[in-house]
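S.K.: One structure follows; several queries about it will come next.
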Amino acid sequence: MVTRLQDDDTSRPAAVAGRWTPRLVCSLISIVLVLELLAVSYQMISVSVPAISEHYRTTQGAWLLTSFLLVGAVTAPLLGKLADTHGKRKLLLVAIGVSAIGSFVAAIAPSYGWLLVGRALQGLLVACLFLSYSLIRDVYPPRKVALAVSIATSGMGLIAIPSPWLTGWLLDTWGFRSIFWMFVICLVVLGFAIALTTDETTVRLHSRIDLLGSVLLGSGIAGVLVGVSFGPTWGWRAGSTLGFIFAGAALLVAWLVAARLVREPLVDITFFRQRPIILTAVTGGLSYASTAVFTVLLPMMCMTPELLGLDYGFGVTAKGFAQFQAPIGAAAVVGGLIVGFCVPRIHPRLFMAAGQLFLVLGAVLTAYSHDTKGALIAFALIEGLGLGMTYAAVPNLVIAAVPAKLQATTSSMVSVFQSGLAAILPVIVFTVLNSHIATVLQGNAFYTNEGIRLGFLIAAGAALVGGLAALALPARSSRVPVPESVEPDRRGDEVLVS
């Protein structure tokens, strides 16, 4: 089945009218490298937390990770709407520029507070994912879009192969500040490269910016994510935990009410009632959540000392873990390429469902057989293949179902599902793990074999539900009209989805 777009395909720049050119290749490479930085950011900073905490004498190292995801999720809806109204390349460059400034602030931070400010600004890197594939959809040749977005999204796993060595080398040679300096240099260079090689979209959404909706939605997401993220630390019954969660939920309810009353809301709720849109958000979010759990548990399991006799663990170092990480990254690229080459002929829902099946298989096999390195490497390959296919399927599903004028707006909300569920599910897993502690050594908790098994089974369960949601996506052509709140005088804009 072939997806046909009936919106603004005629507005694509003539410079990229149908074939790969050196300029187009450089554009894609630049976008892929920006997304590689997004992929490696969380991992590199995670490894750097002990050194940073020791330098600043703080016990709040977790905020380095939470602030990044939090700002990424909170700003996504507003950046998506601005991208649709003012230009996707412009907002992509703004996100890259602010991230570079944040990296610079973190690199020279005289105090931990300033470091958190810089790290929070880096969170705009999260928006680069949906901004990139929304821009690709508008300015790349139609026949190259599926392959380009699949390479851009699945290529994010490629840097996971050398990143353990790169992180160790930077930390051991120049300290944690060198990691932030690396981001400054790379982001500045790549920002200029994208500006020189990538055209701006001519597609525009003529709409007002709903500031009230932005505040309500952003604050609501922030409240829920802070409460859930720090619930295990503060205690689930603590006033601070419950206060953040309930306040966030109340603000989200207020946003839903306001969105129905405002003529031009930040996100039209009726649009998300469409089955292709909400199911894409759900299945995409669950795939991110499942892989987030897997990629957190796998290194923790492999780096556990074998001498503890917990029926798992090889005592590998961070660098030694690369033998398990590399297969995931390599297989992810393969999975993404499969989707990219086949999507013009096969509906992306099938690849999403197949990818979720691989995630289920990889997690279940790892849950029940994790005492030999060879088996884990094989299971990592299965997991990586599923990761690449699901990550590549998400943007192709959005592109197939959403009008060009609403690409970034809708993609940003899908990104909220992805970031939110990927932040929440690991917290649930560690809540379960904390009731299966085998021993504590030097402040580090080591979990029972049963606890580890349950963690991987939770990841498998999330992927299973995501697979069912993917199968529930429409198998035949259906039209998703532009909501009445968007350019009411131009209601002819719609997409034919197959």
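By convention in this document, the chains of the structure tokens carry letters A, B, ... by their order, each chain's residues are numbered from 1, and ligands are numbered from 1 in the order they are shown.
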What's around segment 282-292 of chain A at 7 Å? Count only C-alpha atoms, leave out sequence neighbours fewer than 2 positions away in its own chain, and write the answer as a short mmCIF file (atom, residue, chain, number, x, y, z; two decimals) with C-alpha atoms, in the first residue's frame.
M.R.:
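Output below, filename selection.cif:
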```cif
data_model
loop_
_atom_site.label_atom_id
_atom_site.label_comp_id
_atom_site.auth_asym_id
_atom_site.auth_seq_id
_atom_site.Cartn_x
_atom_site.Cartn_y
_atom_site.Cartn_z
CA ILE A 278 -3.80 8.56 19.33
CA LEU A 279 -2.74 4.98 18.56
CA THR A 280 0.51 6.21 16.99
CA PHE A 294 15.78 -2.66 28.77
CA THR A 295 18.69 -0.25 28.27
CA VAL A 296 18.70 0.65 31.98
CA GLN A 356 7.20 -4.42 19.13
CA LEU A 387 14.25 -0.70 18.62
CA THR A 390 9.76 0.94 16.09
CA VAL A 394 6.85 6.33 14.49
CA PHE A 417 4.03 10.44 25.03
CA GLN A 418 7.45 9.04 24.20
CA LEU A 421 6.24 7.01 29.25
CA ALA A 422 10.00 6.49 28.91
CA LEU A 425 8.06 3.11 33.27
CA PRO A 426 11.65 2.83 34.63
CA ALA A 459 9.43 -4.11 29.55
CA ALA A 460 8.03 -7.00 27.53
CA ALA A 462 4.77 -2.61 27.62
CA ALA A 463 5.95 -3.70 24.17
CA GLY A 466 2.28 -1.34 22.13
CA GLY A 467 2.14 -4.08 19.53
CA ALA A 469 -2.04 -0.75 19.64
CA ALA A 470 -0.05 -0.92 16.38
#
```
S.K.: Give me the residues near segment 172-182 of chain A as a list in words, where near means some atom within 8 Å (using only C-alpha atoms) and where sequence neighbours in that chain fewer than 6 positions away do not count.
M.R.: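 After dropping sequence-adjacent residues, the list is Met44, Ser48, Ala51, Ile52, Ser103, Phe104, Ala106, Ala107 and Ile108 of chain A.
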S.K.: With C-alpha atoms retained, export the selected residues as a CSV table (one decimal), in the first residue's frame.
M.R.:
```csv
chain,number,residue,atom,x,y,z
A,44,MET,CA,27.3,10.2,28.7
A,48,SER,CA,29.5,11.4,34.5
A,51,ALA,CA,32.3,12.7,39.1
A,52,ILE,CA,30.0,15.8,38.9
A,103,SER,CA,26.3,23.1,27.0
A,104,PHE,CA,28.5,26.2,27.3
A,106,ALA,CA,27.4,23.7,31.9
A,107,ALA,CA,31.0,23.6,30.8
A,108,ILE,CA,31.9,26.7,32.7
```
S.K.: For segment 64-68 of chain A, please output as a list in words all residues within 9 Å (counting only C-alpha atoms; exclusion window: fewer than 4 positions along the same chain).
M.R.: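 The neighbour list is Tyr42, Ile45, Ser46, Val49, Gln60, Gly72, Ala73, Leu115, Leu116, Val117, Arg119, Ala120, Leu121, Gln122, Gly123, Leu124, Leu125, Val126, Leu225, Val226, Ser229 and Ala423 of chain A.
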S.K.: Using 12 Å as the limit and counting only C-alpha atoms, can you tabulate each residue of segment 413-460 of chain A that touches segment 234-237 of chain A, with its shortest atom-to-atom distance in Å and the two atoms involved, as a Markdown table?
M.R.:
```
| residue | atom | partner | partner_atom | distance |
| --- | --- | --- | --- | --- |
| A:Val427 | CA | A:Trp236 | CA | 11.4 |
| A:Ile428 | CA | A:Trp236 | CA | 11.4 |
| A:Thr431 | CA | A:Trp236 | CA | 9.8 |
```
S.K.: Only N, CA, C and O atoms, please: the residues just picked out, written as a tab-separated table (two decimals), in the first residue's frame.
M.R.:
```tsv
chain	number	residue	atom	x	y	z
A	427	VAL	N	10.71	4.14	36.46
A	427	VAL	CA	10.43	4.41	37.88
A	427	VAL	C	9.58	3.28	38.45
A	427	VAL	O	9.80	2.81	39.57
A	428	ILE	N	8.58	2.84	37.68
A	428	ILE	CA	7.74	1.72	38.12
A	428	ILE	C	8.59	0.47	38.31
A	428	ILE	O	8.44	-0.26	39.30
A	431	THR	N	10.64	0.68	41.41
A	431	THR	CA	9.79	0.50	42.58
A	431	THR	C	9.60	-0.98	42.87
A	431	THR	O	9.63	-1.43	44.02
```
S.K.: Hey, what's within 6 Å of segment 330-344 of chain A if we count only C-alpha atoms and toss same-chain stuff fewer than 5 positions away? As an mmCIF file with N, CA and C atoms, in the first residue's frame, please?
M.R.:
```cif
data_model
loop_
_atom_site.group_PDB
_atom_site.id
_atom_site.type_symbol
_atom_site.label_atom_id
_atom_site.label_comp_id
_atom_site.auth_asym_id
_atom_site.auth_seq_id
_atom_site.Cartn_x
_atom_site.Cartn_y
_atom_site.Cartn_z
ATOM 1 N N VAL A 2 0.466 2.226 -0.725
ATOM 2 C CA VAL A 2 1.255 3.446 -0.851
ATOM 3 C C VAL A 2 0.508 4.606 -0.211
ATOM 4 N N ALA A 146 10.639 8.553 3.448
ATOM 5 C CA ALA A 146 10.572 7.401 4.351
ATOM 6 C C ALA A 146 11.964 6.896 4.713
ATOM 7 N N LEU A 147 12.844 6.788 3.716
ATOM 8 C CA LEU A 147 14.203 6.313 3.982
ATOM 9 C C LEU A 147 14.969 7.319 4.834
ATOM 10 N N SER A 150 13.808 7.320 8.449
ATOM 11 C CA SER A 150 14.195 6.060 9.086
ATOM 12 C C SER A 150 15.679 6.067 9.429
ATOM 13 N N SER A 154 16.620 5.837 13.357
ATOM 14 C CA SER A 154 17.298 4.605 13.777
ATOM 15 C C SER A 154 18.803 4.801 13.872
ATOM 16 N N GLY A 155 19.344 5.768 13.125
ATOM 17 C CA GLY A 155 20.775 6.050 13.213
ATOM 18 C C GLY A 155 21.191 6.575 14.561
ATOM 19 N N LEU A 381 20.835 -8.240 20.060
ATOM 20 C CA LEU A 381 20.600 -8.055 18.625
ATOM 21 C C LEU A 381 19.096 -8.019 18.319
ATOM 22 N N GLY A 384 17.750 -4.732 19.620
ATOM 23 C CA GLY A 384 18.162 -3.634 18.751
ATOM 24 C C GLY A 384 17.374 -3.584 17.458
ATOM 25 N N LEU A 385 17.064 -4.755 16.900
ATOM 26 C CA LEU A 385 16.273 -4.795 15.673
ATOM 27 C C LEU A 385 14.877 -4.227 15.923
ATOM 28 N N LEU A 387 14.085 -2.126 18.333
ATOM 29 C CA LEU A 387 14.252 -0.704 18.617
ATOM 30 C C LEU A 387 14.321 0.093 17.326
ATOM 31 N N GLY A 388 15.156 -0.368 16.380
ATOM 32 C CA GLY A 388 15.296 0.352 15.122
ATOM 33 C C GLY A 388 14.011 0.409 14.330
ATOM 34 N N MET A 389 13.268 -0.695 14.305
ATOM 35 C CA MET A 389 12.030 -0.726 13.530
ATOM 36 C C MET A 389 10.953 0.157 14.140
ATOM 37 N N ALA A 392 11.888 3.945 13.814
ATOM 38 C CA ALA A 392 11.729 4.422 12.438
ATOM 39 C C ALA A 392 10.270 4.456 12.018
#
```
S.K.: Give the alpha helix (DSSP H) residues of segment 215-410 of chain A, as assigned by DSSP on the backbone, as a PyMOL selection string.
M.R.: chain A and resi 215-234+239-261+275-302+322-342+348-368+373-401+407-410
S.K.: Env of segment 301-305 of chain A: 9 Å cut, atoms = only C-alpha atoms, seq-sep filter 4 positions within chain, self excluded. Answer as a list in words.
M.R.: Val296, Leu297, Gly309, Leu310, Tyr312, Gly313, Phe314, Gly315, Val316, Thr317, Ala318, Gly320, Phe321, Phe324, His370, Lys373, Phe446 and Ile452 of chain A
S.K.: Keeping only all heavy atoms, take the residues you just selected and write them out as a tab-separated table (two decimals), in the first residue's frame.
M.R.:
```tsv
chain	number	residue	atom	x	y	z
A	296	VAL	N	18.29	0.34	30.60
A	296	VAL	CA	18.70	0.65	31.98
A	296	VAL	C	19.08	-0.63	32.72
A	296	VAL	O	20.09	-0.67	33.44
A	296	VAL	CB	17.58	1.40	32.73
A	296	VAL	CG1	17.87	1.43	34.23
A	296	VAL	CG2	17.45	2.82	32.22
A	297	LEU	N	18.28	-1.68	32.55
A	297	LEU	CA	18.52	-2.93	33.28
A	297	LEU	C	19.72	-3.70	32.75
A	297	LEU	O	20.45	-4.33	33.53
A	297	LEU	CB	17.28	-3.82	33.22
A	297	LEU	CG	16.05	-3.38	34.00
A	297	LEU	CD1	14.93	-4.40	33.84
A	297	LEU	CD2	16.38	-3.17	35.46
A	309	GLY	N	27.09	-14.01	43.43
A	309	GLY	CA	26.30	-15.23	43.34
A	309	GLY	C	24.82	-15.00	43.20
A	309	GLY	O	24.00	-15.72	43.80
A	310	LEU	N	24.45	-14.03	42.38
A	310	LEU	CA	23.03	-13.69	42.21
A	310	LEU	C	22.42	-14.36	40.97
A	310	LEU	O	21.30	-14.04	40.59
A	310	LEU	CB	22.86	-12.17	42.11
A	310	LEU	CG	23.30	-11.37	43.34
A	310	LEU	CD1	23.21	-9.87	43.07
A	310	LEU	CD2	22.44	-11.75	44.53
A	312	TYR	N	23.32	-13.89	38.03
A	312	TYR	CA	23.50	-13.00	36.89
A	312	TYR	C	24.70	-12.11	37.19
A	312	TYR	O	25.17	-12.03	38.33
A	312	TYR	CB	22.25	-12.15	36.64
A	312	TYR	CG	21.97	-11.10	37.70
A	312	TYR	CD1	22.53	-9.83	37.64
A	312	TYR	CD2	21.10	-11.38	38.76
A	312	TYR	CE1	22.27	-8.87	38.61
A	312	TYR	CE2	20.83	-10.42	39.72
A	312	TYR	CZ	21.42	-9.17	39.65
A	312	TYR	OH	21.16	-8.23	40.60
A	313	GLY	N	25.18	-11.42	36.16
A	313	GLY	CA	26.29	-10.49	36.33
A	313	GLY	C	27.61	-11.05	35.88
A	313	GLY	O	27.93	-12.21	36.13
A	314	PHE	N	28.39	-10.19	35.19
A	314	PHE	CA	29.71	-10.58	34.69
A	314	PHE	C	30.80	-9.67	35.22
A	314	PHE	O	31.97	-9.84	34.91
A	314	PHE	CB	29.72	-10.57	33.16
A	314	PHE	CG	28.59	-11.35	32.55
A	314	PHE	CD1	27.54	-10.71	31.93
A	314	PHE	CD2	28.58	-12.74	32.61
A	314	PHE	CE1	26.50	-11.42	31.36
A	314	PHE	CE2	27.54	-13.47	32.06
A	314	PHE	CZ	26.49	-12.81	31.43
A	315	GLY	N	30.42	-8.64	35.99
A	315	GLY	CA	31.40	-7.73	36.55
A	315	GLY	C	32.15	-6.90	35.52
A	315	GLY	O	33.28	-6.48	35.77
A	316	VAL	N	31.53	-6.63	34.34
A	316	VAL	CA	32.21	-5.85	33.31
A	316	VAL	C	32.24	-4.37	33.71
A	316	VAL	O	31.40	-3.90	34.48
A	316	VAL	CB	31.53	-6.02	31.94
A	316	VAL	CG1	31.55	-7.47	31.51
A	316	VAL	CG2	30.09	-5.49	31.98
A	317	THR	N	33.21	-3.66	33.18
A	317	THR	CA	33.30	-2.22	33.38
A	317	THR	C	32.40	-1.50	32.39
A	317	THR	O	31.78	-2.13	31.52
A	317	THR	CB	34.74	-1.74	33.19
A	317	THR	OG1	35.13	-2.00	31.83
A	317	THR	CG2	35.69	-2.47	34.14
A	318	ALA	N	32.36	-0.17	32.51
A	318	ALA	CA	31.56	0.62	31.57
A	318	ALA	C	32.06	0.41	30.14
A	318	ALA	O	31.27	0.31	29.20
A	318	ALA	CB	31.60	2.09	31.94
A	320	GLY	N	33.74	-2.29	29.13
A	320	GLY	CA	33.48	-3.68	28.79
A	320	GLY	C	32.05	-3.93	28.39
A	320	GLY	O	31.76	-4.89	27.65
A	321	PHE	N	31.15	-3.08	28.83
A	321	PHE	CA	29.73	-3.25	28.49
A	321	PHE	C	29.49	-3.00	27.00
A	321	PHE	O	28.44	-3.38	26.47
A	321	PHE	CB	28.87	-2.30	29.32
A	321	PHE	CG	27.41	-2.37	28.98
A	321	PHE	CD1	26.67	-3.51	29.28
A	321	PHE	CD2	26.78	-1.31	28.35
A	321	PHE	CE1	25.33	-3.59	28.95
A	321	PHE	CE2	25.44	-1.38	28.01
A	321	PHE	CZ	24.71	-2.52	28.32
A	324	PHE	N	27.99	-5.62	24.73
A	324	PHE	CA	26.55	-5.83	24.73
A	324	PHE	C	25.83	-4.65	24.08
A	324	PHE	O	24.77	-4.82	23.47
A	324	PHE	CB	26.03	-6.00	26.16
A	324	PHE	CG	26.69	-7.12	26.92
A	324	PHE	CD1	27.74	-6.87	27.78
A	324	PHE	CD2	26.27	-8.44	26.75
A	324	PHE	CE1	28.36	-7.89	28.48
A	324	PHE	CE2	26.87	-9.47	27.45
A	324	PHE	CZ	27.93	-9.20	28.31
A	370	HIS	N	19.95	-15.18	31.26
A	370	HIS	CA	20.92	-14.09	31.27
A	370	HIS	C	22.20	-14.47	32.02
A	370	HIS	O	22.83	-13.62	32.65
A	370	HIS	CB	20.31	-12.83	31.89
A	370	HIS	CG	19.53	-13.09	33.14
A	370	HIS	ND1	18.16	-12.94	33.20
A	370	HIS	CD2	19.91	-13.49	34.37
A	370	HIS	CE1	17.73	-13.23	34.42
A	370	HIS	NE2	18.80	-13.56	35.15
A	373	LYS	N	27.23	-14.76	28.31
A	373	LYS	CA	27.42	-13.57	27.48
A	373	LYS	C	26.91	-13.79	26.06
A	373	LYS	O	26.29	-12.89	25.47
A	373	LYS	CB	28.90	-13.19	27.45
A	373	LYS	CG	29.45	-12.67	28.77
A	373	LYS	CD	30.89	-12.24	28.63
A	373	LYS	CE	31.44	-11.67	29.94
A	373	LYS	NZ	32.84	-11.24	29.82
A	446	PHE	N	21.90	-4.22	45.07
A	446	PHE	CA	21.92	-5.28	44.08
A	446	PHE	C	20.67	-6.13	44.28
A	446	PHE	O	20.32	-6.47	45.41
A	446	PHE	CB	23.18	-6.14	44.24
A	446	PHE	CG	24.45	-5.38	43.94
A	446	PHE	CD1	25.16	-4.75	44.97
A	446	PHE	CD2	24.92	-5.28	42.64
A	446	PHE	CE1	26.32	-4.04	44.69
A	446	PHE	CE2	26.08	-4.58	42.36
A	446	PHE	CZ	26.78	-3.95	43.39
A	452	ILE	N	15.18	-8.90	38.83
A	452	ILE	CA	15.66	-8.59	37.48
A	452	ILE	C	14.72	-9.18	36.43
A	452	ILE	O	14.39	-8.53	35.43
A	452	ILE	CB	17.09	-9.12	37.29
A	452	ILE	CG1	18.07	-8.35	38.18
A	452	ILE	CG2	17.51	-9.04	35.83
A	452	ILE	CD1	18.24	-6.90	37.80
```
S.K.: Which residue out of A:Met300, A:Ile377, A:Glu36, A:Leu131 has the minimum interatomic distance to Tyr447 of chain A when only C-alpha atoms are used?
M.R.: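 Closest residue, counting only C-alpha atoms: A:Met300.
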S.K.: What is the distance between atom CA of Pro474 of chain A and atom CA of Val402 of chain A, in Å to one decimal?
M.R.: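 Here the two named atoms are 13.7 Å from each other.
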S.K.: Rounded to one decimal place, report the atom CA of Leu171 of chain A-atom CA of Tyr112 of chain A distance in Å.
M.R.: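 Computing it gives 17.9 Å between the two atoms.
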S.K.: Smallest atom-to-atom distance to Val94 of chain A: which of A:Phe456, A:Phe183, A:Trp255, A:Phe192, using only C-alpha atoms?
M.R.: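 Among the listed residues, the smallest separation from Val94 of chain A belongs to A:Phe192.
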S.K.: Compile the contact shell of Leu454 of chain A as an MDAnalysis selection string: residues with an atom at most 10 Å away, counting only C-alpha atoms, same-chain residues fewer than 6 positions apart removed.
M.R.: chainID A and resid 364 367:368 429 432:433 436 448 460
S.K.: Report the distance between atom CA of Lys90 of chain A and atom CA of Ile185 of chain A in Å, rounded to one decimal place.
M.R.: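 Interatomic distance, atom CA of Lys90 of chain A to atom CA of Ile185 of chain A: 19.9 Å.
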S.K.: Skipping near chain neighbours, those fewer than 6 positions away, what residues fall within 12 Å of Arg208 of chain A using only C-alpha atoms, listed as a compact mmCIF listing (two decimals) with N, CA, C and O atoms, in the first residue's frame?
M.R.:
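File written: part-v6.txt
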```txt
# COMPACT_ATOMS: atom_id res chain seq x y z
N LEU A 78 4.94 23.57 22.65
CA LEU A 78 5.07 24.95 22.19
C LEU A 78 6.02 25.04 21.00
O LEU A 78 5.73 25.75 20.01
N LYS A 81 4.25 23.85 17.84
CA LYS A 81 3.31 24.83 17.29
C LYS A 81 4.06 25.98 16.61
O LYS A 81 3.69 26.42 15.51
N LEU A 82 5.12 26.46 17.25
CA LEU A 82 5.93 27.54 16.66
C LEU A 82 6.56 27.09 15.35
O LEU A 82 6.70 27.88 14.41
N ASP A 84 5.33 24.92 13.21
CA ASP A 84 4.31 24.91 12.17
C ASP A 84 3.94 26.32 11.71
O ASP A 84 3.56 26.52 10.56
N THR A 85 4.04 27.29 12.60
CA THR A 85 3.63 28.66 12.25
C THR A 85 4.79 29.50 11.71
O THR A 85 4.57 30.41 10.91
N HIS A 86 6.02 29.23 12.15
CA HIS A 86 7.15 30.09 11.78
C HIS A 86 8.23 29.40 10.96
O HIS A 86 9.15 30.07 10.49
N SER A 214 -0.13 26.69 26.60
CA SER A 214 1.28 26.34 26.75
C SER A 214 1.67 26.24 28.22
O SER A 214 2.34 25.30 28.64
N VAL A 262 -10.96 27.48 23.78
CA VAL A 262 -10.17 28.41 22.97
C VAL A 262 -10.38 28.11 21.48
O VAL A 262 -10.42 26.94 21.08
N ARG A 263 -10.49 29.15 20.69
CA ARG A 263 -10.75 28.95 19.26
C ARG A 263 -9.57 28.31 18.56
O ARG A 263 -9.74 27.45 17.68
N GLU A 264 -8.34 28.71 18.91
CA GLU A 264 -7.14 28.16 18.30
C GLU A 264 -6.24 27.61 19.41
O GLU A 264 -5.27 28.25 19.81
N PRO A 265 -6.54 26.43 19.93
CA PRO A 265 -5.76 25.88 21.04
C PRO A 265 -4.36 25.45 20.61
O PRO A 265 -4.10 25.27 19.41
N LEU A 266 -3.49 25.27 21.59
CA LEU A 266 -2.14 24.80 21.32
C LEU A 266 -2.18 23.46 20.57
O LEU A 266 -1.47 23.25 19.60
N VAL A 267 -3.02 22.58 21.03
CA VAL A 267 -3.24 21.29 20.37
C VAL A 267 -4.75 21.05 20.34
O VAL A 267 -5.39 21.11 21.38
N SER A 485 -10.47 24.22 14.16
CA SER A 485 -9.76 25.31 14.81
C SER A 485 -8.59 25.81 13.98
O SER A 485 -8.03 26.86 14.26
N VAL A 486 -8.20 25.05 12.94
CA VAL A 486 -7.03 25.41 12.15
C VAL A 486 -7.48 25.98 10.81
O VAL A 486 -8.09 25.29 10.01
N GLU A 487 -7.21 27.25 10.60
CA GLU A 487 -7.52 27.91 9.35
C GLU A 487 -8.92 27.56 8.84
O GLU A 487 -9.10 26.88 7.84
```
S.K.: Choose the residue, out of A:Gly87, A:Pro395, A:Pro403, A:Pro164, that has the smallest atom-to-atom separation from Leu129 of chain A; count only C-alpha atoms.
M.R.: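 Once distances to Leu129 of chain A are computed over only C-alpha atoms, the minimum belongs to A:Pro395.
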